[in-house]
$ cat start-v4.cif   # mmCIF, C-alpha atoms
data_model
#
loop_
_atom_site.label_atom_id
_atom_site.label_comp_id
_atom_site.auth_asym_id
_atom_site.auth_seq_id
_atom_site.Cartn_x
_atom_site.Cartn_y
_atom_site.Cartn_z
CA MET A 675 67.26 86.97 -30.74
CA VAL A 676 65.79 90.00 -28.95
CA LYS A 677 64.41 93.20 -30.42
CA MET A 678 66.12 96.48 -29.54
CA ASN A 679 63.17 97.94 -27.60
CA SER A 680 63.00 94.79 -25.45
CA ALA A 681 66.68 95.07 -24.57
CA ARG A 682 66.22 98.71 -23.56
CA ASP A 683 63.26 97.82 -21.37
CA ILE A 684 65.30 95.10 -19.71
CA THR A 685 68.23 97.47 -19.16
CA SER A 686 66.02 99.99 -17.39
CA LYS A 687 64.42 97.39 -15.14
CA LEU A 688 67.64 95.55 -14.32
CA SER A 689 69.39 98.77 -13.32
CA HIS A 690 66.93 99.20 -10.45
CA LEU A 691 68.06 95.85 -9.01
CA LEU A 692 71.69 96.98 -8.74
CA PRO A 693 72.86 96.45 -5.12
CA ASP A 694 74.43 99.32 -3.23
CA TYR A 695 78.13 99.61 -4.07
CA ASP A 696 79.20 99.81 -0.42
CA GLN A 697 77.41 96.53 0.30
CA VAL A 698 79.16 94.82 -2.60
CA SER A 699 82.62 96.26 -1.95
CA ALA A 700 82.39 95.01 1.66
CA LEU A 701 82.45 91.45 0.29
CA TYR A 702 86.10 92.00 -0.64
CA ALA A 703 87.15 93.51 2.71
CA ASN A 704 89.08 90.42 3.77
CA ASN A 705 90.49 89.56 0.37
CA GLN A 706 92.63 92.64 -0.29
CA GLN A 707 91.66 92.52 -3.95
CA SER A 708 92.10 96.13 -5.05
CA SER A 709 92.09 95.18 -8.74
CA GLN A 710 88.72 93.47 -8.39
CA LEU A 711 87.29 96.45 -6.53
CA SER A 712 88.51 98.68 -9.33
CA VAL A 713 86.63 96.52 -11.84
CA LEU A 714 83.46 96.72 -9.76
CA SER A 715 83.76 100.48 -9.38
CA LYS A 716 84.09 101.02 -13.12
CA CYS A 717 81.23 98.60 -13.84
CA TYR A 718 78.93 100.49 -11.50
CA ASP A 719 79.78 103.80 -13.14
CA THR A 720 79.16 102.28 -16.57
CA ILE A 721 75.74 100.98 -15.51
CA ASN A 722 74.79 104.36 -14.05
CA GLN A 723 75.76 106.05 -17.27
CA LEU A 724 73.72 103.59 -19.33
CA SER A 725 70.63 103.70 -17.16
CA CYS A 726 70.71 107.29 -15.90
CA HIS A 727 70.05 105.73 -12.53
CA SER A 728 72.45 107.67 -10.31
CA SER A 729 71.61 106.51 -6.77
CA ASN A 730 74.52 104.04 -6.83
CA ALA A 731 77.04 106.27 -8.58
CA VAL A 732 80.69 105.97 -7.65
CA GLU A 733 82.39 109.35 -7.99
CA SER A 734 85.97 108.06 -8.26
CA SER A 735 85.40 105.66 -11.14
CA GLU A 736 85.23 106.14 -14.90
CA ALA A 737 82.74 104.57 -17.26
CA LEU A 738 84.01 101.83 -19.58
CA PRO A 739 82.93 100.80 -23.07
CA ILE A 740 80.35 98.05 -22.69
CA ASP A 741 82.47 95.38 -24.37
CA ARG A 742 85.36 96.18 -22.03
CA ALA A 743 83.09 96.11 -18.96
CA LEU A 744 81.70 92.73 -20.05
CA PHE A 745 85.20 91.32 -20.56
CA LEU A 746 86.42 92.47 -17.13
CA VAL A 747 83.39 91.32 -15.17
CA SER A 748 83.42 87.95 -16.98
CA SER A 749 87.07 87.54 -16.02
CA LEU A 750 86.20 88.41 -12.43
CA LYS A 751 83.39 85.86 -12.43
CA ASP A 752 85.70 83.18 -13.83
CA LYS A 753 88.16 83.77 -10.98
CA LEU A 754 85.37 83.46 -8.41
CA TYR A 755 84.08 80.32 -10.13
CA GLU A 756 87.54 78.77 -9.89
CA ILE A 757 87.71 79.54 -6.14
CA ILE A 758 84.24 78.07 -5.52
CA ASN A 759 85.12 74.86 -7.37
CA THR A 760 88.48 74.32 -5.67
CA GLY A 761 88.50 72.12 -2.57
CA ARG A 762 85.43 71.35 -0.47
CA TRP A 763 82.21 73.32 -0.96
CA SER A 764 81.76 73.68 2.81
CA ASP A 765 85.10 75.52 3.04
CA VAL A 766 84.18 78.24 0.54
CA ASP A 767 83.86 81.71 2.09
CA GLU A 768 80.24 82.87 1.91
CA ASN A 769 81.38 86.30 0.69
CA ILE A 770 82.97 84.63 -2.34
CA CYS A 771 79.59 83.10 -3.22
CA LYS A 772 77.88 86.45 -2.73
CA ALA A 773 80.47 88.11 -4.96
CA PHE A 774 79.80 85.43 -7.59
CA THR A 775 76.10 86.36 -7.45
CA VAL A 776 76.90 90.03 -8.10
CA ALA A 777 79.35 89.23 -10.89
CA THR A 778 76.72 87.01 -12.53
CA PHE A 779 74.20 89.86 -12.45
CA LEU A 780 76.69 92.38 -13.87
CA GLU A 781 77.71 90.01 -16.66
CA ALA A 782 74.06 89.50 -17.65
CA PHE A 783 73.43 93.25 -17.60
CA PHE A 784 76.36 94.03 -19.90
CA ARG A 785 75.61 91.14 -22.22
CA VAL A 786 72.08 92.46 -22.74
CA ASN A 787 73.48 95.91 -23.55
CA LEU A 788 76.40 94.80 -25.69
CA GLU A 789 74.34 92.68 -28.07
CA THR A 790 71.30 94.94 -28.25
CA VAL A 791 69.86 93.22 -31.30
CA HIS A 792 71.45 89.78 -31.24
CA TRP A 793 72.12 88.77 -27.64
CA SER A 794 71.37 85.18 -26.72
CA ILE A 795 68.65 84.51 -24.16
CA GLU A 796 69.88 80.94 -23.76
CA LYS A 797 73.37 82.11 -22.75
CA VAL A 798 72.11 84.74 -20.30
CA MET A 799 69.59 82.40 -18.68
CA TYR A 800 72.19 79.65 -18.37
CA ASP A 801 74.58 82.01 -16.59
CA LEU A 802 71.89 83.33 -14.25
CA ASP A 803 70.85 79.79 -13.34
CA LEU A 804 74.48 78.92 -12.65
CA GLY A 805 74.67 81.97 -10.39
CA LEU A 806 71.60 80.77 -8.50
CA MET A 807 73.14 77.35 -7.97
CA LEU A 808 76.64 78.44 -6.94
CA GLY A 809 76.05 81.90 -5.47
CA CYS A 810 74.58 83.15 -2.21
CA PRO A 811 71.85 85.75 -1.62
CA LEU A 812 73.22 89.09 -0.45
CA SER A 813 70.64 89.11 2.35
CA GLY A 814 67.80 86.87 3.50
CA SER A 815 67.19 83.36 2.21
CA ASP A 816 66.13 84.08 -1.39
CA ASN A 817 68.51 85.19 -4.14
CA LYS A 818 66.19 87.96 -5.30
CA LEU A 819 68.86 89.74 -7.35
CA LEU A 820 69.07 86.82 -9.79
CA THR A 821 65.49 85.51 -9.55
CA GLU A 822 64.17 89.02 -10.29
CA SER A 823 66.62 89.36 -13.18
CA ILE A 824 65.33 86.11 -14.64
CA ARG A 825 61.72 87.22 -14.18
CA ILE A 826 62.39 90.52 -15.95
CA ILE A 827 64.10 88.81 -18.89
CA GLU A 828 61.38 86.14 -19.18
CA GLU A 829 58.55 88.69 -19.07
CA ASN A 830 60.14 90.97 -21.66
CA CYS A 831 61.34 88.23 -24.00
CA SER A 832 58.50 85.72 -23.82
CA SER A 833 58.15 85.70 -27.58
CA SER A 834 61.82 84.80 -27.99
CA CYS A 835 62.07 81.98 -25.49
CA GLY A 836 60.24 79.43 -27.58
CA SER A 837 56.52 78.93 -27.89
CA SER A 838 55.02 76.41 -25.54
CA SER A 839 52.07 75.95 -27.89
CA ALA A 840 54.28 73.84 -30.12
CA THR A 841 54.82 71.37 -27.31
CA LYS A 842 52.49 68.45 -27.54
CA LYS A 843 50.16 68.34 -24.55
CA ARG A 844 51.00 65.06 -22.96
CA LYS A 845 50.64 63.64 -19.48
CA LEU A 846 53.85 62.85 -17.69
CA ASP A 847 52.43 60.07 -15.54
CA ASP A 848 52.55 57.28 -18.09
CA PRO A 849 53.34 54.46 -15.65
CA ASP A 850 53.55 50.74 -16.03
CA VAL A 851 50.87 50.53 -13.35
CA PRO A 852 47.96 52.98 -13.80
CA VAL A 853 47.65 55.70 -11.17
CA ALA A 854 44.08 54.54 -10.58
CA VAL A 855 45.47 51.38 -9.05
CA ARG A 856 45.81 52.57 -5.47
CA ARG A 857 46.96 50.84 -2.34
CA THR A 858 44.71 47.90 -1.54
CA ILE A 859 43.77 46.36 1.78
CA ALA A 860 45.94 43.39 0.88
CA GLU A 861 49.07 45.54 0.89
CA HIS A 862 50.68 45.41 4.30
CA VAL A 863 52.05 48.68 5.66
CA SER A 864 54.06 48.39 8.85
CA ILE A 865 53.82 52.04 9.95
CA ALA A 866 50.82 54.17 10.92
CA MET A 867 48.50 55.27 8.08
CA LEU A 868 46.66 58.50 8.93
CA GLN A 869 43.72 60.11 7.15
CA ARG A 870 44.25 63.87 7.41
CA PRO A 871 45.25 63.84 11.11
CA SER A 872 44.94 66.98 13.23
CA ILE A 873 48.12 68.90 13.96
CA GLU A 874 47.70 68.09 17.64
CA TYR A 875 47.41 64.35 16.93
CA PHE A 876 50.46 64.46 14.67
CA HIS A 877 52.42 66.39 17.29
CA ILE A 878 51.61 64.06 20.19
CA ASN A 879 51.75 60.71 18.40
CA HIS A 880 54.49 61.18 15.80
CA PHE A 881 56.48 64.40 16.03
CA LYS A 882 57.33 64.19 19.74
CA PRO A 883 58.05 60.42 19.89
CA LEU A 884 59.81 60.58 16.47
CA THR A 885 57.81 57.80 14.81
CA PRO A 886 57.11 57.71 11.03
CA ALA A 887 53.62 58.05 9.59
CA LEU A 888 51.98 57.81 6.17
CA ILE A 889 49.57 60.76 5.77
CA GLN A 890 46.78 60.71 3.19
CA ASP A 891 44.29 63.21 1.70
CA CYS A 892 46.30 66.35 2.43
CA MET A 893 47.54 67.28 -1.07
CA ASP A 894 44.39 67.24 -3.21
CA HIS A 895 44.23 71.06 -3.22
CA TRP A 896 47.76 71.48 -4.60
CA PRO A 897 47.73 72.88 -8.18
CA ALA A 898 50.82 70.71 -8.79
CA ILE A 899 48.73 67.53 -8.65
CA ASN A 900 47.23 68.42 -12.01
CA ASN A 901 49.67 70.95 -13.47
CA TRP A 902 52.85 68.93 -13.20
CA LYS A 903 51.46 65.98 -15.13
CA GLN A 904 51.32 68.17 -18.24
CA SER A 905 54.58 68.41 -20.17
CA ALA A 906 53.36 71.58 -21.90
CA TYR A 907 52.86 73.29 -18.55
CA LEU A 908 56.28 72.38 -17.15
CA SER A 909 57.99 73.34 -20.41
CA SER A 910 56.23 76.71 -20.55
CA VAL A 911 57.15 77.55 -16.95
CA ALA A 912 60.65 76.11 -16.72
CA GLY A 913 61.66 74.61 -20.07
CA GLU A 914 64.43 77.09 -20.90
CA ARG A 915 65.99 76.96 -17.44
CA THR A 916 69.21 75.13 -16.63
CA VAL A 917 69.11 72.62 -13.77
CA PRO A 918 71.61 70.22 -12.14
CA VAL A 919 71.01 66.50 -12.57
CA GLU A 920 72.68 63.41 -11.19
CA ILE A 921 73.90 60.88 -13.75
CA GLY A 922 73.51 57.25 -12.69
CA SER A 923 71.08 55.35 -10.51
CA HIS A 924 72.40 56.69 -7.19
CA TYR A 925 75.19 58.78 -5.70
CA THR A 926 77.27 55.95 -4.18
CA ASN A 927 77.93 54.29 -7.56
CA GLU A 928 81.44 54.58 -8.97
CA ASN A 929 80.12 55.88 -12.30
CA TRP A 930 77.93 58.54 -10.67
CA SER A 931 78.42 62.12 -11.91
CA GLN A 932 76.56 65.40 -12.30
CA ASP A 933 75.67 67.63 -15.23
CA LEU A 934 73.85 70.86 -16.07
CA VAL A 935 71.02 70.48 -18.58
CA LYS A 936 68.08 72.39 -19.99
CA PHE A 937 64.94 71.46 -18.09
CA LYS A 938 62.99 70.88 -21.32
CA ASP A 939 65.71 68.51 -22.58
CA PHE A 940 65.69 66.63 -19.28
CA LEU A 941 61.89 66.25 -19.51
CA SER A 942 62.13 65.04 -23.09
CA ARG A 943 64.79 62.43 -22.35
CA GLN A 944 63.63 61.16 -18.95
CA ILE A 945 59.93 61.89 -18.44
CA THR A 946 57.82 62.46 -21.55
CA THR A 947 59.46 59.78 -23.70
CA ALA A 948 57.92 56.33 -23.84
CA GLU A 949 61.33 54.72 -24.39
CA PRO A 950 63.89 54.49 -21.58
CA CYS A 951 66.95 56.68 -22.03
CA ASP A 952 70.42 55.10 -22.10
CA ARG A 953 71.59 57.64 -19.52
CA VAL A 954 69.63 57.87 -16.24
CA GLU A 955 69.30 61.48 -15.10
CA TYR A 956 67.82 62.48 -11.75
CA LEU A 957 66.94 66.00 -10.65
CA ALA A 958 67.54 65.23 -6.98
CA GLN A 959 67.49 67.32 -3.82
CA HIS A 960 67.46 70.57 -5.77
CA ASN A 961 66.20 74.00 -4.66
CA LEU A 962 64.01 74.13 -7.76
CA PHE A 963 61.37 76.35 -6.17
CA GLU A 964 63.84 79.06 -5.19
CA GLN A 965 65.27 78.94 -8.69
CA ILE A 966 61.85 78.98 -10.40
CA PRO A 967 59.26 80.70 -8.14
CA ALA A 968 56.45 80.04 -10.65
CA LEU A 969 56.59 76.34 -9.67
CA ARG A 970 56.60 77.27 -5.99
CA LYS A 971 53.07 78.62 -6.44
CA ASP A 972 51.86 75.10 -7.29
CA ILE A 973 52.62 73.66 -3.85
CA LEU A 974 51.76 74.54 -0.27
CA ILE A 975 53.84 73.97 2.85
CA PRO A 976 51.95 71.32 4.88
CA GLU A 977 50.58 72.57 8.19
CA TYR A 978 52.44 69.78 9.97
CA CYS A 979 55.69 71.66 9.27
CA CYS A 980 54.66 74.34 11.76
CA VAL A 981 55.19 71.83 14.58
CA GLY A 982 58.65 72.42 16.00
CA THR A 983 60.82 74.83 17.92
CA SER A 984 62.85 76.50 15.18
CA ASN A 985 61.95 79.84 13.59
CA GLU A 986 63.92 79.00 10.46
CA SER A 987 62.05 78.60 7.19
CA VAL A 988 61.18 75.21 5.77
CA ASP A 989 63.73 73.87 3.28
CA ILE A 990 61.93 72.63 0.14
CA LYS A 991 63.61 70.23 -2.31
CA ALA A 992 62.51 68.73 -5.64
CA TRP A 993 63.00 65.11 -6.78
CA LEU A 994 62.08 64.40 -10.42
CA GLY A 995 63.23 61.45 -12.46
CA PRO A 996 62.44 58.28 -14.40
CA LYS A 997 61.67 54.80 -13.14
CA GLY A 998 64.57 53.18 -11.30
CA THR A 999 66.23 56.17 -9.64
CA VAL A 1000 67.44 55.35 -6.13
CA SER A 1001 68.31 57.20 -2.95
CA PRO A 1002 70.42 54.65 -1.05
CA MET A 1003 69.75 53.93 2.63
CA HIS A 1004 70.64 57.13 4.51
CA TYR A 1005 69.39 59.49 7.21
CA ASP A 1006 68.87 63.25 7.46
CA PRO A 1007 69.27 65.48 10.53
CA LYS A 1008 65.91 67.24 10.14
CA HIS A 1009 62.21 66.35 10.16
CA ASN A 1010 61.07 65.44 6.65
CA LEU A 1011 57.70 65.30 4.91
CA LEU A 1012 58.17 63.54 1.58
CA CYS A 1013 55.19 64.42 -0.64
CA GLN A 1014 54.39 62.46 -3.80
CA VAL A 1015 52.97 64.59 -6.64
CA PHE A 1016 52.86 61.88 -9.31
CA GLY A 1017 54.21 58.37 -9.75
CA HIS A 1018 54.97 56.12 -6.81
CA LYS A 1019 57.98 54.89 -4.88
CA LYS A 1020 59.09 51.98 -2.79
CA ILE A 1021 60.47 53.02 0.59
CA ILE A 1022 62.31 51.05 3.28
CA LEU A 1023 62.80 52.57 6.74
CA ALA A 1024 64.93 51.65 9.75
CA ALA A 1025 65.07 53.27 13.18
CA PRO A 1026 68.08 55.23 14.52
CA ASP A 1027 68.65 52.49 17.12
CA ASP A 1028 69.73 50.20 14.29
CA THR A 1029 72.49 52.53 13.11
CA PRO A 1030 75.32 50.25 14.36
CA ASN A 1031 73.83 47.39 12.31
CA LEU A 1032 73.51 49.34 9.06
CA TYR A 1033 77.21 49.74 8.24
CA PRO A 1034 77.49 53.51 7.60
CA HIS A 1035 80.33 54.57 5.34
CA GLU A 1036 83.42 55.60 7.24
CA THR A 1037 84.16 58.72 5.20
CA GLU A 1038 82.96 62.05 6.56
CA MET A 1039 81.01 62.87 3.41
CA LEU A 1040 79.03 59.60 3.44
CA LYS A 1041 78.80 58.90 7.16
CA ASN A 1042 74.99 59.29 6.98
CA THR A 1043 74.76 56.67 4.19
CA SER A 1044 74.70 52.90 4.60
CA GLN A 1045 76.86 50.55 2.56
CA ILE A 1046 74.01 48.05 2.12
CA ASP A 1047 71.58 47.64 -0.74
CA ALA A 1048 68.36 47.69 1.27
CA GLU A 1049 66.45 45.63 -1.30
CA HIS A 1050 69.14 42.98 -1.75
CA ILE A 1051 71.04 42.66 1.52
CA ASP A 1052 74.18 40.56 1.46
CA THR A 1053 73.99 39.05 4.95
CA GLU A 1054 77.35 37.33 4.53
CA LYS A 1055 79.07 40.65 3.92
CA PHE A 1056 76.85 42.56 6.37
CA PRO A 1057 75.79 40.00 9.01
CA LYS A 1058 74.60 42.56 11.57
CA CYS A 1059 71.78 43.56 9.20
CA SER A 1060 69.95 40.39 10.30
CA ALA A 1061 69.13 42.20 13.56
CA VAL A 1062 67.59 45.24 11.85
CA LYS A 1063 63.83 45.75 11.80
CA PHE A 1064 62.99 47.13 8.35
CA TYR A 1065 59.69 48.89 7.55
CA HIS A 1066 58.48 48.48 3.94
CA LEU A 1067 55.85 50.60 2.18
CA HIS A 1068 54.88 52.25 -1.11
CA LEU A 1069 54.26 56.00 -1.41
CA TYR A 1070 51.55 56.86 -3.93
CA GLU A 1071 50.39 60.06 -5.59
CA GLY A 1072 48.84 62.50 -3.10
CA GLU A 1073 50.45 60.90 -0.02
CA MET A 1074 52.98 62.27 2.44
CA LEU A 1075 55.50 60.27 4.43
CA TYR A 1076 56.74 61.73 7.70
CA ILE A 1077 60.37 60.67 8.23
CA PRO A 1078 61.72 61.76 11.64
CA PRO A 1079 65.31 62.95 12.08
CA LEU A 1080 68.00 60.24 11.98
CA TRP A 1081 65.57 57.61 10.64
CA TRP A 1082 67.21 55.63 7.87
CA HIS A 1083 65.33 55.53 4.56
CA TYR A 1084 65.86 53.94 1.16
CA VAL A 1085 63.80 55.21 -1.81
CA ARG A 1086 63.36 53.73 -5.30
CA SER A 1087 61.08 55.13 -8.01
CA LEU A 1088 58.79 52.45 -9.44
CA GLU A 1089 57.74 54.75 -12.27
CA LYS A 1090 58.34 58.27 -13.51
CA SER A 1091 58.06 60.32 -10.38
CA PHE A 1092 57.91 63.86 -9.00
CA SER A 1093 58.29 64.29 -5.24
CA VAL A 1094 58.73 67.30 -2.97
CA SER A 1095 60.40 67.11 0.43
CA PHE A 1096 59.94 69.61 3.25
CA TRP A 1097 62.73 69.67 5.84
CA TRP A 1098 62.48 71.57 9.11
CA ASP A 1099 63.81 71.59 12.68
#
$ encode --input "start-v4.cif" --output "structure tokens"
Amino acid sequence: MVKMNSARDITSKLSHLLPDYDQVSALYANNQQSSQLSVLSKCYDTINQLSCHSSNAVESSEALPIDRALFLVSSLKDKLYEIINTGRWSDVDENICKAFTVATFLEAFFRVNLETVHWSIEKVMYDLDLGLMLGCPLSGSDNKLLTESIRIIEENCSSSCGSSSATKKRKLDDPDVPVAVRRTIAEHVSIAMLQRPSIEYFHINHFKPLTPALIQDCMDHWPAINNWKQSAYLSSVAGERTVPVEIGSHYTNENWSQDLVKFKDFLSRQITTAEPCDRVEYLAQHNLFEQIPALRKDILIPEYCCVGTSNESVDIKAWLGPKGTVSPMHYDPKHNLLCQVFGHKKIILAAPDDTPNLYPHETEMLKNTSQIDAEHIDTEKFPKCSAVKFYHLHLYEGEMLYIPPLWWHYVRSLEKSFSVSFWWD
């Protein structure tokens, strides 16, 4: 529950995030949705009346009672949600996703105002996280409208979001094999191992010829190396947030599915517990650092990512899960630095030249994924795999693996693991 003065503070600060009405109404230009525009117009006038913030006023509209405004904007958001979740994600109009972002913001604003004394932080934060996952930023690459809304609510309601002091301070890296047991000379690695190579060396010997490399001693200065091993830290920063997880060992399994869960609950079930959970959950390939900027401060973009020809920003993904999670043999179209924060993984690589021998799925959605189990290849079913040259290695805490575009890679977590991947052109 939130005190009245906190809700009023939040209302004032949120009102200054309100996008310009003309920018928002333009999202509906091709949809001919006059009824939806009417809802937006009335919602804007209601917000301006509540906040006395008149720069976005809409002269032709009339203010609504807050409960009515919340009902209408929630209905509008539900319609947009239905459109987004019908058919293929790639076919969804970007303006629909942007409109979903705005509707999510408006719903949160009215919910805060409607339930001045008894509004639920959990409900509002869940909806804002859903907006981050399904919506689009109105401009640029970051969804600042929703991330700023979350920051404002977190900062003004810190006492209501659950005390992190009650969380037992416990390290998350509780592996079967101690972290101190590092790679030994006896372990054979079939790709280049580099000790903090210069950018020029990396460019000439690996980036240009597109050859993998294992890079060491370049992550010691990351705050994440220490911070993310502490359950209390992760819970205090992100515990109340809602994140998407994959259910099952990997995405090609018939019983694979997805779910939305509280981050603190995911940590409790999959990471901090000493007992394995019946249900394997994997926070995989998620834009966690756009959703929760506080965690973004704990990592640094490796200097090797500046090598390239594209001016686009680096795409950063999070991979957090228990022992046994698998990314089946697949390839990506971009350069990739896979950085291991804690835990370690077994990785198997294969060159693009071996693509015809790796039996890619025939469906469009899985054409970059092989049908084989790279650790247990059925040569009778997949005889051409006998001609493939596979590269085997382990990726330990503090190491980076450079995976060039179109290189096939299979990844299995050998213990509880947190990895960060940086993709760029």
$ resolve_selection --input "start-v4.cif" --expression "the PyMOL selection byres ((chain A and resi 799-811) around 10)" --output "JSON, numbers by chain"
{"A": [751, 754, 755, 758, 759, 763, 768, 769, 770, 771, 772, 773, 774, 775, 776, 777, 778, 779, 781, 782, 794, 795, 796, 797, 798, 812, 813, 814, 815, 816, 817, 818, 819, 820, 821, 823, 824, 827, 828, 914, 915, 916, 917, 918, 934, 935, 936, 960, 961, 962, 964, 965, 966]}
$ closest_residue --input "start-v4.cif" --among "A:Met1074, A:Val1062, A:Leu711, A:Leu780" --to "Leu744 in chain A" --atoms "only C-alpha atoms"
A:Leu780
$ residues_around --input "start-v4.cif" --residues "Ala1024 in chain A" --least-positions-apart "3" --cutoff "7 Å" --atoms "all atoms listed in the file" --output "PyMOL selection string"
chain A and resi 1028+1063-1065+1081-1083
$ resolve_selection --input "start-v4.cif" --expression "the PyMOL selection byres ((chain A and resi 1094) around 8)" --output "tab-separated table (two decimals) with C-alpha atoms, in the coordinates of the input"
chain	number	residue	atom	x	y	z
A	990	ILE	CA	61.93	72.63	0.14
A	991	LYS	CA	63.61	70.23	-2.31
A	992	ALA	CA	62.51	68.73	-5.64
A	993	TRP	CA	63.00	65.11	-6.78
A	1012	LEU	CA	58.17	63.54	1.58
A	1013	CYS	CA	55.19	64.42	-0.64
A	1014	GLN	CA	54.39	62.46	-3.80
A	1015	VAL	CA	52.97	64.59	-6.64
A	1092	PHE	CA	57.91	63.86	-9.00
A	1093	SER	CA	58.29	64.29	-5.24
A	1095	SER	CA	60.40	67.11	0.43
A	1096	PHE	CA	59.94	69.61	3.25
$ residues_around --input "start-v4.cif" --residues "range 1040-1046 of chain A" --least-positions-apart "3" --cutoff "10 Å" --atoms "only C-alpha atoms" --output "list in words"
Tyr925, Thr926, Ser1001, Pro1002, Met1003, His1004, Tyr1005, Asp1006, Pro1007, Thr1029, Asn1031, Leu1032, Tyr1033, Pro1034, His1035, Glu1036, Thr1037, Glu1049, His1050, Ile1051, Asp1052, Thr1053, Lys1055, Phe1056, Cys1059, Leu1080, Trp1082, His1083 and Tyr1084 of chain A
$ closest_residue --input "start-v4.cif" --among "A:Ser1087, A:Ala1061, A:Ile973, A:Leu941" --to "Val1000 in chain A" --atoms "only C-alpha atoms"
A:Ser1087
$ atom_distance --input "start-v4.cif" --atom1 "CA of Ala866 in chain A" --atom2 "CA of Ala887 in chain A"
5.0 Å
$ residues_around --input "start-v4.cif" --residues "Ala737 in chain A" --least-positions-apart "6" --cutoff "7 Å" --atoms "all atoms listed in the file" --output "list of chain:residue names"
A:Lys716, A:Asp719, A:Thr720
$ residues_around --input "start-v4.cif" --residues "Ile1021 in chain A" --least-positions-apart "4" --cutoff "8 Å" --atoms "only C-alpha atoms" --output "PyMOL selection string"
chain A and resi 1066-1069+1083-1086
$ closest_residue --input "start-v4.cif" --among "A:Asp891, A:Glu949, A:Glu955, A:Asp765" --to "Ser931 in chain A" --atoms "all atoms listed in the file"
A:Glu955
$ residues_around --input "start-v4.cif" --residues "range 942-948 of chain A" --least-positions-apart "4" --cutoff "7 Å" --atoms "all atoms listed in the file" --output "PyMOL selection string"
chain A and resi 846+905+938+955+995-996+1090
$ atom_distance --input "start-v4.cif" --atom1 "CA of Ser712 in chain A" --atom2 "CA of Gly761 in chain A"
27.4 Å
$ atom_distance --input "start-v4.cif" --atom1 "CA of Leu788 in chain A" --atom2 "CA of Arg682 in chain A"
11.1 Å
$ residues_near_point --input "start-v4.cif" --point "(69.2, 61.4, -12.8)" --cutoff "7 Å" --atoms "all atoms listed in the file" --output "NGL selection string"
:A and (919-923 or 954-957 or 995 or 999)
$ closest_residue --input "start-v4.cif" --among "A:Pro883, A:Pro1079, A:Gly1017, A:Pro871" --to "Trp902 in chain A" --atoms "only C-alpha atoms"
A:Gly1017
$ closest_residue --input "start-v4.cif" --among "A:Cys951, A:Leu974, A:Leu701, A:Ile721" --to "Gly998 in chain A" --atoms "all atoms listed in the file"
A:Cys951
$ closest_residue --input "start-v4.cif" --among "A:Leu1011, A:Asp683, A:Asn900, A:Ile740" --to "Cys831 in chain A" --atoms "all atoms listed in the file"
A:Asp683
